[in-house]
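Pasting start_38.csv here (CSV, N, CA and C atoms and all ligand atoms):
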chain,number,residue,atom,x,y,z
A,560,PRO,N,-95.4,-79.9,-17.1
A,560,PRO,CA,-95.2,-81.3,-17.2
A,560,PRO,C,-93.8,-81.7,-16.6
A,561,LYS,N,-93.7,-82.9,-16.1
A,561,LYS,CA,-92.5,-83.4,-15.4
A,561,LYS,C,-91.7,-84.1,-16.5
A,562,ASN,N,-90.4,-83.6,-16.7
A,562,ASN,CA,-89.6,-84.2,-17.7
A,562,ASN,C,-88.5,-85.1,-17.2
A,563,VAL,N,-88.4,-86.2,-17.8
A,563,VAL,CA,-87.4,-87.3,-17.4
A,563,VAL,C,-86.4,-87.5,-18.5
A,564,LEU,N,-85.1,-87.8,-18.0
A,564,LEU,CA,-84.0,-87.9,-19.0
A,564,LEU,C,-83.2,-89.2,-18.7
A,565,THR,N,-82.9,-89.9,-19.7
A,565,THR,CA,-81.9,-91.0,-19.6
A,565,THR,C,-81.1,-91.1,-20.8
A,566,TYR,N,-80.0,-91.9,-20.7
A,566,TYR,CA,-79.1,-92.1,-21.9
A,566,TYR,C,-78.8,-93.6,-22.0
A,567,GLY,N,-78.4,-94.0,-23.2
A,567,GLY,CA,-78.0,-95.4,-23.4
A,567,GLY,C,-77.6,-95.6,-24.9
A,568,THR,N,-76.9,-96.8,-25.0
A,568,THR,CA,-76.5,-97.2,-26.4
A,568,THR,C,-77.7,-97.9,-27.1
A,569,TYR,N,-78.4,-98.7,-26.3
A,569,TYR,CA,-79.6,-99.4,-26.9
A,569,TYR,C,-79.3,-100.2,-28.1
A,570,ASP,N,-78.2,-100.9,-28.1
A,570,ASP,CA,-77.8,-101.8,-29.2
A,570,ASP,C,-78.5,-103.1,-29.1
A,571,LEU,N,-79.0,-103.7,-30.2
A,571,LEU,CA,-79.7,-104.9,-30.2
A,571,LEU,C,-80.8,-104.8,-29.1
A,572,PHE,N,-81.7,-103.9,-29.3
A,572,PHE,CA,-82.8,-103.5,-28.3
A,572,PHE,C,-83.4,-104.8,-27.7
A,573,HIS,N,-83.5,-104.8,-26.4
A,573,HIS,CA,-84.1,-106.0,-25.7
A,573,HIS,C,-85.0,-105.6,-24.5
A,574,VAL,N,-85.6,-106.6,-23.9
A,574,VAL,CA,-86.6,-106.3,-22.8
A,574,VAL,C,-85.9,-105.5,-21.6
A,575,GLY,N,-84.6,-105.7,-21.4
A,575,GLY,CA,-84.0,-104.9,-20.3
A,575,GLY,C,-84.1,-103.4,-20.6
A,576,HIS,N,-83.8,-103.1,-21.9
A,576,HIS,CA,-84.0,-101.7,-22.3
A,576,HIS,C,-85.4,-101.2,-22.2
A,577,ALA,N,-86.3,-102.0,-22.7
A,577,ALA,CA,-87.7,-101.7,-22.8
A,577,ALA,C,-88.3,-101.4,-21.3
A,578,ARG,N,-87.9,-102.3,-20.4
A,578,ARG,CA,-88.4,-102.2,-19.0
A,578,ARG,C,-87.8,-100.9,-18.3
A,579,LEU,N,-86.5,-100.6,-18.7
A,579,LEU,CA,-85.9,-99.4,-18.1
A,579,LEU,C,-86.7,-98.2,-18.6
A,580,LEU,N,-86.9,-98.1,-19.9
A,580,LEU,CA,-87.5,-96.9,-20.5
A,580,LEU,C,-89.0,-96.8,-20.0
A,581,GLU,N,-89.7,-97.9,-19.8
A,581,GLU,CA,-91.0,-97.9,-19.4
A,581,GLU,C,-91.1,-97.4,-17.9
A,582,ARG,N,-90.2,-97.9,-17.1
A,582,ARG,CA,-90.2,-97.4,-15.7
A,582,ARG,C,-89.8,-95.9,-15.6
A,583,ALA,N,-88.8,-95.6,-16.4
A,583,ALA,CA,-88.3,-94.2,-16.4
A,583,ALA,C,-89.5,-93.3,-16.8
A,584,SER,N,-90.2,-93.7,-17.9
A,584,SER,CA,-91.3,-92.8,-18.3
A,584,SER,C,-92.4,-92.7,-17.2
A,585,GLY,N,-92.5,-93.7,-16.4
A,585,GLY,CA,-93.5,-93.6,-15.3
A,585,GLY,C,-93.1,-92.6,-14.2
A,586,LEU,N,-91.9,-92.1,-14.3
A,586,LEU,CA,-91.5,-91.1,-13.2
A,586,LEU,C,-91.9,-89.7,-13.6
A,587,GLY,N,-92.5,-89.5,-14.8
A,587,GLY,CA,-92.9,-88.1,-15.2
A,587,GLY,C,-93.9,-88.2,-16.3
A,588,ASP,N,-93.9,-87.0,-17.1
A,588,ASP,CA,-94.9,-86.9,-18.2
A,588,ASP,C,-94.2,-87.1,-19.5
A,589,ARG,N,-92.9,-86.7,-19.7
A,589,ARG,CA,-92.3,-86.8,-21.0
A,589,ARG,C,-90.9,-87.4,-20.8
A,590,LEU,N,-90.5,-88.4,-21.5
A,590,LEU,CA,-89.2,-89.0,-21.4
A,590,LEU,C,-88.3,-88.6,-22.6
A,591,PHE,N,-87.2,-88.1,-22.2
A,591,PHE,CA,-86.2,-87.7,-23.2
A,591,PHE,C,-85.0,-88.7,-23.1
A,592,VAL,N,-84.6,-89.2,-24.3
A,592,VAL,CA,-83.5,-90.2,-24.3
A,592,VAL,C,-82.4,-89.8,-25.2
A,593,GLY,N,-81.2,-89.8,-24.6
A,593,GLY,CA,-80.0,-89.5,-25.3
A,593,GLY,C,-79.4,-90.8,-25.8
A,594,VAL,N,-79.4,-91.1,-27.1
A,594,VAL,CA,-78.9,-92.4,-27.6
A,594,VAL,C,-77.4,-92.1,-28.0
A,595,SER,N,-76.5,-93.0,-27.5
A,595,SER,CA,-75.1,-92.8,-27.7
A,595,SER,C,-74.8,-92.9,-29.2
A,596,SER,N,-74.1,-91.9,-29.7
A,596,SER,CA,-73.6,-91.9,-31.2
A,596,SER,C,-72.6,-93.0,-31.3
A,597,ASP,N,-72.4,-93.4,-32.6
A,597,ASP,CA,-71.4,-94.4,-32.9
A,597,ASP,C,-70.0,-94.0,-32.4
A,598,SER,N,-69.7,-92.7,-32.6
A,598,SER,CA,-68.4,-92.2,-32.2
A,598,SER,C,-68.2,-92.2,-30.7
A,599,PHE,N,-69.3,-91.9,-30.0
A,599,PHE,CA,-69.3,-91.9,-28.5
A,599,PHE,C,-69.1,-93.3,-28.0
A,600,ASN,N,-69.8,-94.3,-28.7
A,600,ASN,CA,-69.6,-95.7,-28.3
A,600,ASN,C,-68.2,-96.1,-28.4
A,601,ALA,N,-67.5,-95.6,-29.4
A,601,ALA,CA,-66.1,-95.9,-29.6
A,601,ALA,C,-65.3,-95.4,-28.3
A,602,ILE,N,-65.7,-94.2,-27.9
A,602,ILE,CA,-65.1,-93.6,-26.7
A,602,ILE,C,-65.4,-94.5,-25.4
A,603,LYS,N,-66.7,-95.0,-25.4
A,603,LYS,CA,-67.1,-95.8,-24.3
A,603,LYS,C,-66.4,-97.2,-24.4
A,604,GLY,N,-65.8,-97.5,-25.5
A,604,GLY,CA,-65.2,-98.8,-25.7
A,604,GLY,C,-66.3,-99.9,-26.0
A,605,LYS,N,-67.4,-99.4,-26.5
A,605,LYS,CA,-68.5,-100.4,-26.8
A,605,LYS,C,-68.5,-100.5,-28.4
A,606,GLU,N,-68.5,-101.8,-28.8
A,606,GLU,CA,-68.6,-102.0,-30.2
A,606,GLU,C,-70.0,-102.3,-30.6
A,607,CYS,N,-70.6,-101.4,-31.4
A,607,CYS,CA,-72.1,-101.5,-31.7
A,607,CYS,C,-72.3,-102.4,-32.9
A,608,VAL,N,-73.4,-103.2,-32.8
A,608,VAL,CA,-73.8,-104.0,-34.0
A,608,VAL,C,-74.7,-103.2,-34.9
A,609,ILE,N,-75.6,-102.4,-34.3
A,609,ILE,CA,-76.6,-101.6,-35.0
A,609,ILE,C,-76.1,-100.1,-35.0
A,610,PRO,N,-76.1,-99.5,-36.2
A,610,PRO,CA,-75.7,-98.1,-36.3
A,610,PRO,C,-76.6,-97.1,-35.6
A,611,TYR,N,-76.1,-95.9,-35.2
A,611,TYR,CA,-76.9,-94.9,-34.4
A,611,TYR,C,-78.3,-94.7,-35.0
A,612,ASP,N,-78.3,-94.4,-36.3
A,612,ASP,CA,-79.6,-94.0,-36.9
A,612,ASP,C,-80.7,-95.0,-36.6
A,613,ASP,N,-80.3,-96.3,-36.7
A,613,ASP,CA,-81.3,-97.4,-36.5
A,613,ASP,C,-81.6,-97.5,-35.0
A,614,ARG,N,-80.6,-97.4,-34.2
A,614,ARG,CA,-80.8,-97.5,-32.7
A,614,ARG,C,-81.7,-96.3,-32.3
A,615,ALA,N,-81.5,-95.1,-32.8
A,615,ALA,CA,-82.3,-94.0,-32.4
A,615,ALA,C,-83.8,-94.1,-32.9
A,616,GLU,N,-83.9,-94.7,-34.1
A,616,GLU,CA,-85.3,-94.8,-34.7
A,616,GLU,C,-86.1,-95.8,-33.9
A,617,ILE,N,-85.4,-96.9,-33.4
A,617,ILE,CA,-86.1,-97.9,-32.7
A,617,ILE,C,-86.6,-97.3,-31.3
A,618,VAL,N,-85.7,-96.6,-30.7
A,618,VAL,CA,-86.1,-95.9,-29.4
A,618,VAL,C,-87.2,-94.9,-29.6
A,619,ALA,N,-87.1,-94.1,-30.7
A,619,ALA,CA,-88.1,-93.1,-31.0
A,619,ALA,C,-89.4,-93.7,-31.3
A,620,ALA,N,-89.5,-94.9,-31.7
A,620,ALA,CA,-90.8,-95.6,-32.0
A,620,ALA,C,-91.6,-96.0,-30.8
A,621,LEU,N,-90.9,-96.0,-29.7
A,621,LEU,CA,-91.5,-96.5,-28.4
A,621,LEU,C,-92.6,-95.6,-27.9
A,622,ARG,N,-93.7,-96.2,-27.5
A,622,ARG,CA,-94.8,-95.4,-26.9
A,622,ARG,C,-94.4,-94.5,-25.8
A,623,HIS,N,-93.4,-95.0,-25.0
A,623,HIS,CA,-93.0,-94.3,-23.7
A,623,HIS,C,-92.0,-93.2,-23.9
A,624,VAL,N,-91.5,-93.1,-25.2
A,624,VAL,CA,-90.5,-92.1,-25.4
A,624,VAL,C,-91.0,-90.8,-26.1
A,625,HIS,N,-90.7,-89.7,-25.5
A,625,HIS,CA,-91.2,-88.4,-26.1
A,625,HIS,C,-90.2,-87.8,-27.1
A,626,HIS,N,-88.9,-87.9,-26.8
A,626,HIS,CA,-87.9,-87.3,-27.7
A,626,HIS,C,-86.5,-88.0,-27.6
A,627,VAL,N,-85.9,-88.2,-28.8
A,627,VAL,CA,-84.6,-88.8,-28.8
A,627,VAL,C,-83.6,-87.9,-29.4
A,628,PHE,N,-82.4,-87.9,-28.9
A,628,PHE,CA,-81.3,-87.0,-29.4
A,628,PHE,C,-80.0,-87.7,-29.2
A,629,PRO,N,-78.9,-87.3,-30.0
A,629,PRO,CA,-77.7,-88.0,-29.9
A,629,PRO,C,-76.9,-87.7,-28.6
A,630,GLU,N,-76.3,-88.7,-28.0
A,630,GLU,CA,-75.3,-88.5,-26.9
A,630,GLU,C,-73.9,-88.6,-27.5
A,631,ASN,N,-73.2,-87.5,-27.6
A,631,ASN,CA,-71.9,-87.5,-28.3
A,631,ASN,C,-70.7,-87.5,-27.4
A,632,ASP,N,-70.9,-87.2,-26.1
A,632,ASP,CA,-69.8,-87.2,-25.1
A,632,ASP,C,-70.3,-87.3,-23.7
A,633,TRP,N,-69.3,-87.4,-22.7
A,633,TRP,CA,-69.6,-87.5,-21.3
A,633,TRP,C,-70.1,-86.2,-20.8
A,634,GLU,N,-69.7,-85.1,-21.5
A,634,GLU,CA,-69.9,-83.7,-20.9
A,634,GLU,C,-71.2,-83.0,-21.1
A,635,GLN,N,-72.1,-83.7,-21.9
A,635,GLN,CA,-73.3,-82.9,-22.3
A,635,GLN,C,-74.5,-83.0,-21.3
A,636,LYS,N,-74.4,-83.8,-20.3
A,636,LYS,CA,-75.6,-84.0,-19.5
A,636,LYS,C,-76.2,-82.8,-18.8
A,637,VAL,N,-75.4,-81.9,-18.2
A,637,VAL,CA,-75.9,-80.7,-17.6
A,637,VAL,C,-76.6,-79.8,-18.6
A,638,GLU,N,-75.9,-79.7,-19.8
A,638,GLU,CA,-76.5,-78.9,-20.9
A,638,GLU,C,-77.8,-79.5,-21.3
A,639,ASP,N,-77.9,-80.8,-21.4
A,639,ASP,CA,-79.2,-81.4,-21.8
A,639,ASP,C,-80.3,-81.2,-20.7
A,640,ILE,N,-79.9,-81.3,-19.5
A,640,ILE,CA,-80.8,-81.1,-18.4
A,640,ILE,C,-81.4,-79.7,-18.5
A,641,GLN,N,-80.6,-78.8,-18.8
A,641,GLN,CA,-81.1,-77.4,-18.9
A,641,GLN,C,-81.9,-77.2,-20.2
A,642,ARG,N,-81.4,-77.7,-21.3
A,642,ARG,CA,-82.1,-77.5,-22.5
A,642,ARG,C,-83.5,-78.1,-22.5
A,643,TYR,N,-83.6,-79.3,-21.9
A,643,TYR,CA,-84.9,-80.0,-21.9
A,643,TYR,C,-85.7,-79.8,-20.6
A,644,ASN,N,-85.2,-78.9,-19.7
A,644,ASN,CA,-85.9,-78.6,-18.5
A,644,ASN,C,-86.2,-79.8,-17.7
A,645,ILE,N,-85.2,-80.7,-17.5
A,645,ILE,CA,-85.3,-82.0,-16.9
A,645,ILE,C,-85.5,-81.9,-15.4
A,646,ASP,N,-86.5,-82.7,-14.9
A,646,ASP,CA,-86.8,-82.8,-13.4
A,646,ASP,C,-86.1,-84.0,-12.8
A,647,VAL,N,-86.1,-85.1,-13.6
A,647,VAL,CA,-85.6,-86.4,-13.1
A,647,VAL,C,-84.6,-87.0,-14.1
A,648,PHE,N,-83.4,-87.4,-13.6
A,648,PHE,CA,-82.4,-88.1,-14.4
A,648,PHE,C,-82.4,-89.5,-13.9
A,649,VAL,N,-82.6,-90.5,-14.9
A,649,VAL,CA,-82.7,-91.9,-14.5
A,649,VAL,C,-81.7,-92.7,-15.2
A,650,MET,N,-81.1,-93.7,-14.5
A,650,MET,CA,-80.2,-94.7,-15.2
A,650,MET,C,-80.4,-96.0,-14.4
A,651,GLY,N,-80.1,-97.1,-15.1
A,651,GLY,CA,-80.0,-98.4,-14.5
A,651,GLY,C,-79.0,-98.4,-13.4
A,652,ASP,N,-79.1,-99.3,-12.4
A,652,ASP,CA,-78.2,-99.2,-11.2
A,652,ASP,C,-76.8,-99.8,-11.4
A,653,ASP,N,-76.5,-100.2,-12.7
A,653,ASP,CA,-75.1,-100.5,-13.0
A,653,ASP,C,-74.4,-99.2,-12.9
A,654,TRP,N,-75.1,-98.1,-13.0
A,654,TRP,CA,-74.5,-96.7,-12.9
A,654,TRP,C,-74.7,-96.1,-11.5
A,655,ALA,N,-75.1,-96.9,-10.6
A,655,ALA,CA,-75.4,-96.3,-9.2
A,655,ALA,C,-74.3,-95.4,-8.7
A,656,GLY,N,-74.6,-94.2,-8.3
A,656,GLY,CA,-73.6,-93.3,-7.7
A,656,GLY,C,-72.8,-92.5,-8.8
A,657,LYS,N,-72.7,-93.0,-10.0
A,657,LYS,CA,-71.8,-92.4,-11.0
A,657,LYS,C,-72.3,-91.0,-11.4
A,658,PHE,N,-73.6,-90.7,-11.3
A,658,PHE,CA,-74.1,-89.4,-11.8
A,658,PHE,C,-74.7,-88.6,-10.6
A,659,ASP,N,-74.2,-88.9,-9.4
A,659,ASP,CA,-74.8,-88.1,-8.2
A,659,ASP,C,-74.5,-86.6,-8.3
A,660,HIS,N,-73.4,-86.3,-9.1
A,660,HIS,CA,-73.1,-84.8,-9.2
A,660,HIS,C,-74.3,-84.1,-9.9
A,661,LEU,N,-75.1,-84.8,-10.6
A,661,LEU,CA,-76.2,-84.1,-11.3
A,661,LEU,C,-77.3,-83.8,-10.4
A,662,LYS,N,-77.2,-84.2,-9.1
A,662,LYS,CA,-78.2,-83.9,-8.1
A,662,LYS,C,-78.3,-82.4,-7.9
A,663,ALA,N,-77.3,-81.6,-8.3
A,663,ALA,CA,-77.3,-80.2,-8.2
A,663,ALA,C,-78.3,-79.6,-9.2
A,664,HIS,N,-78.7,-80.4,-10.2
A,664,HIS,CA,-79.6,-79.9,-11.2
A,664,HIS,C,-80.9,-80.5,-11.3
A,665,CYS,N,-81.0,-81.7,-10.8
A,665,CYS,CA,-82.3,-82.4,-10.9
A,665,CYS,C,-82.3,-83.6,-10.0
A,666,GLU,N,-83.4,-84.3,-9.8
A,666,GLU,CA,-83.5,-85.6,-9.1
A,666,GLU,C,-82.6,-86.6,-9.9
A,667,VAL,N,-82.0,-87.5,-9.1
A,667,VAL,CA,-81.2,-88.6,-9.8
A,667,VAL,C,-81.7,-89.9,-9.3
A,668,VAL,N,-82.2,-90.8,-10.2
A,668,VAL,CA,-82.8,-92.1,-9.8
A,668,VAL,C,-82.1,-93.2,-10.5
A,669,TYR,N,-81.7,-94.2,-9.7
A,669,TYR,CA,-81.1,-95.4,-10.3
A,669,TYR,C,-82.1,-96.6,-10.2
A,670,LEU,N,-82.4,-97.2,-11.3
A,670,LEU,CA,-83.5,-98.3,-11.2
A,670,LEU,C,-82.8,-99.6,-11.4
A,671,PRO,N,-83.3,-100.7,-10.7
A,671,PRO,CA,-82.7,-102.0,-10.8
A,671,PRO,C,-82.7,-102.5,-12.3
A,672,ARG,N,-81.5,-103.0,-12.7
A,672,ARG,CA,-81.5,-103.6,-14.0
A,672,ARG,C,-82.3,-104.8,-14.1
A,673,THR,N,-82.7,-105.2,-15.4
A,673,THR,CA,-83.4,-106.5,-15.6
A,673,THR,C,-82.4,-107.6,-15.7
A,674,GLU,N,-82.5,-108.6,-14.8
A,674,GLU,CA,-81.5,-109.6,-14.8
A,674,GLU,C,-81.7,-110.6,-16.0
A,675,GLY,N,-80.6,-111.2,-16.4
A,675,GLY,CA,-80.6,-112.3,-17.4
A,675,GLY,C,-80.7,-111.9,-18.8
A,676,ILE,N,-80.5,-110.6,-19.1
A,676,ILE,CA,-80.5,-110.2,-20.5
A,676,ILE,C,-79.5,-109.0,-20.6
A,677,SER,N,-78.8,-109.1,-21.7
A,677,SER,CA,-77.8,-108.0,-22.0
A,677,SER,C,-77.5,-108.2,-23.5
A,678,THR,N,-77.0,-107.1,-24.1
A,678,THR,CA,-76.6,-107.1,-25.5
A,678,THR,C,-75.5,-108.2,-25.7
A,679,THR,N,-74.6,-108.2,-24.7
A,679,THR,CA,-73.5,-109.2,-24.8
A,679,THR,C,-74.1,-110.6,-24.9
A,680,SER,N,-75.1,-110.9,-24.0
A,680,SER,CA,-75.6,-112.3,-23.9
A,680,SER,C,-76.3,-112.6,-25.2
A,681,LEU,N,-76.9,-111.6,-25.9
A,681,LEU,CA,-77.6,-111.8,-27.1
A,681,LEU,C,-76.6,-112.2,-28.2
A,682,LYS,N,-75.5,-111.5,-28.2
A,682,LYS,CA,-74.4,-111.7,-29.2
A,682,LYS,C,-73.9,-113.2,-29.0
A,683,ASP,N,-73.8,-113.6,-27.7
A,683,ASP,CA,-73.2,-114.9,-27.5
A,683,ASP,C,-74.2,-116.0,-27.9
A,684,ARG,N,-75.5,-115.7,-27.9
A,684,ARG,CA,-76.5,-116.7,-28.3
A,684,ARG,C,-76.4,-116.8,-29.8
A,685,LEU,N,-76.0,-115.8,-30.5
A,685,LEU,CA,-75.9,-115.8,-32.0
A,685,LEU,C,-74.6,-116.6,-32.3
A,686,TYR,N,-73.5,-116.3,-31.6
A,686,TYR,CA,-72.2,-116.9,-31.9
A,686,TYR,C,-71.7,-117.5,-30.6
A,687,PRO,N,-72.2,-118.7,-30.2
A,687,PRO,CA,-71.7,-119.3,-29.0
A,687,PRO,C,-70.2,-119.4,-29.0
A,688,LEU,N,-69.6,-119.0,-27.9
A,688,LEU,CA,-68.1,-118.9,-27.9
A,688,LEU,C,-67.5,-120.3,-28.0
B,1,LIG,N1,-80.4,-101.8,-18.7
B,1,LIG,C1,-81.2,-102.5,-17.8
B,1,LIG,N2,-81.2,-103.9,-17.8
B,1,LIG,C2,-80.4,-104.6,-18.7
B,1,LIG,C3,-79.6,-103.9,-19.6
B,1,LIG,C4,-79.6,-102.5,-19.6
B,1,LIG,O1,-82.0,-101.9,-17.0
B,1,LIG,N3,-80.5,-105.9,-18.6
B,1,LIG,C5,-80.4,-100.4,-18.7
B,1,LIG,C6,-79.1,-99.8,-18.4
B,1,LIG,O2,-78.9,-99.7,-17.0
B,1,LIG,C7,-79.2,-98.4,-19.0
B,1,LIG,C8,-80.1,-98.6,-20.2
B,1,LIG,O3,-80.8,-99.9,-20.0
B,1,LIG,O4,-79.8,-97.5,-18.1
B,1,LIG,C9,-79.3,-98.6,-21.5
B,1,LIG,O5,-78.3,-99.6,-21.4
B,1,LIG,P1,-77.1,-99.5,-22.3
B,1,LIG,O6,-77.5,-99.4,-23.8
B,1,LIG,O7,-76.1,-100.6,-22.0
B,1,LIG,O8,-76.5,-98.1,-21.9
B,1,LIG,P2,-75.0,-97.7,-21.5
B,1,LIG,O9,-74.1,-98.2,-22.6
B,1,LIG,O10,-74.8,-98.1,-20.1
B,1,LIG,O11,-75.0,-96.1,-21.7
B,1,LIG,O12,-73.9,-91.7,-20.5
B,1,LIG,C10,-74.6,-92.9,-20.1
B,1,LIG,C11,-74.3,-94.0,-21.1
B,1,LIG,O13,-74.6,-93.6,-22.4
B,1,LIG,C12,-75.1,-95.2,-20.7

Is it possible to express this structure as structure tokens?
Ligand code: C2G
Amino acid sequence: PKNVLTYGTYDLFHVGHARLLERASGLGDRLFVGVSSDSFNAIKGKECVIPYDDRAEIVAALRHVHHVFPENDWEQKVEDIQRYNIDVFVMGDDWAGKFDHLKAHCEVVYLPRTEGISTTSLKDRLYPL
């Protein structure tokens, strides 16, 4: 089976996330998702609304997702690629080029983001500035 890997915070889960995961899953047979831990989000400078356990549970409930695990730092991707025998690494194209070094280990694919939706825009709808 062809294994696909992606990572994300997946805070306030929305259609942009769903469409990314659906397309990523279409690139193979099993989709593995590293969901950013709360501590890693602090390192990324992202303030999360929803705690890791809930974000991970939502992603794990998706039909297209085979396995969810925590992403704790920037350094674990090669290890994850090896552990899960990954064939394709996928990210939205806001990351275009940033993970090309992983081409030494697997295919690297950047998919177009879904326009007009983001966690930040959802927050702004709740609390207009
Ligand atoms: N995404 C998308 N369209 C949007 C918003 C997000 O396609 N409108 C994609 C992003 O490109 C990413 C995934 O959905 O591939 C998850 O987005 P985030 O939760 O914002 O992920 P991020 O914080 O960028 O974490 O080590 C990698 C990082 O953990 C990625």

For CA of Ile676 in chain A and atom N of Ala655 in chain A, the interatomic separation in Å (one decimal):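 We find that CA of Ile676 in chain A and atom N of Ala655 in chain A lie 17.4 Å from each other.
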
Neighbourhood of ligand LIG 1 (chain B) at 6 Å, counting only N, CA and C atoms and all ligand atoms, reported as a list in words: Tyr566, Gly567, Thr568, Tyr569, Asp570, Gly575, His576, Leu579, Ser595, Val649, Met650, Gly651, Asp652, Asp653, Trp654, Pro671, Arg672, Thr673, Glu674, Gly675, Ile676 and Ser677 of chain A

Cut-off 7 Å around (-64.1, -90.6, -28.9) with all atoms listed in the file: residues as a list in words: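 Collected hits near the coordinates: Ser598, Phe599, Asn600, Ala601, Ile602 and Lys603 of chain A.
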
Expected answer as a PyMOL selection string: alpha helix (DSSP H) residues in chain A: chain A and resi 574-584+597-603+611-619+636-642+678-685

Per-residue DSSP, range 562-664 of chain A, filtered to strand (DSSP E or B), as a PyMOL selection string: chain A and resi 562-567+589-595+626-630+647-651

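For the set A:Ala615, A:Val624, A:Ile609, A:Val668, the residue with the smallest atom-to-atom gap to Leu580 in chain A is A:Val624, counting only N, CA and C atoms.
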
Point-to-point distance from atom C of Leu590 in chain A to atom N of Phe628 in chain A, Å rounded to tenths: 8.7 Å

Interatomic distance (Å, one decimal) between atom C of Arg589 in chain A and atom C of Gly604 in chain A: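 Computing it gives 28.1 Å between the two atoms.
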
Residue list as a list in words for point (-89.4, -83.8, -15.9), cut-off 5 Å, only N, CA and C atoms: Pro560, Lys561, Asn562, Val563, Ile645, Asp646 and Val647 of chain A

Selected residue, from A:Leu564, A:Asp613, A:Ile640, A:Leu571, that lies nearest to Leu681 in chain A when counting only N, CA and C atoms: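 Looking at the shortest contact to Leu681 in chain A, the residue is A:Leu571.
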
Minimum-distance residue to Leu670 in chain A, chosen among A:Phe648, A:Asp588, A:Ile617, A:Leu685 (using only C-alpha atoms):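 Checking each of A:Phe648, A:Asp588, A:Ile617, A:Leu685 against Leu670 in chain A, counting only C-alpha atoms, the winner is A:Phe648.
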
Proximity to Ser596 in chain A - best of A:Val627, A:His573, A:Arg622, A:Asp632, only N, CA and C atoms: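 Among A:Val627, A:His573, A:Arg622, A:Asp632, it is A:Asp632 that comes nearest to Ser596 in chain A.
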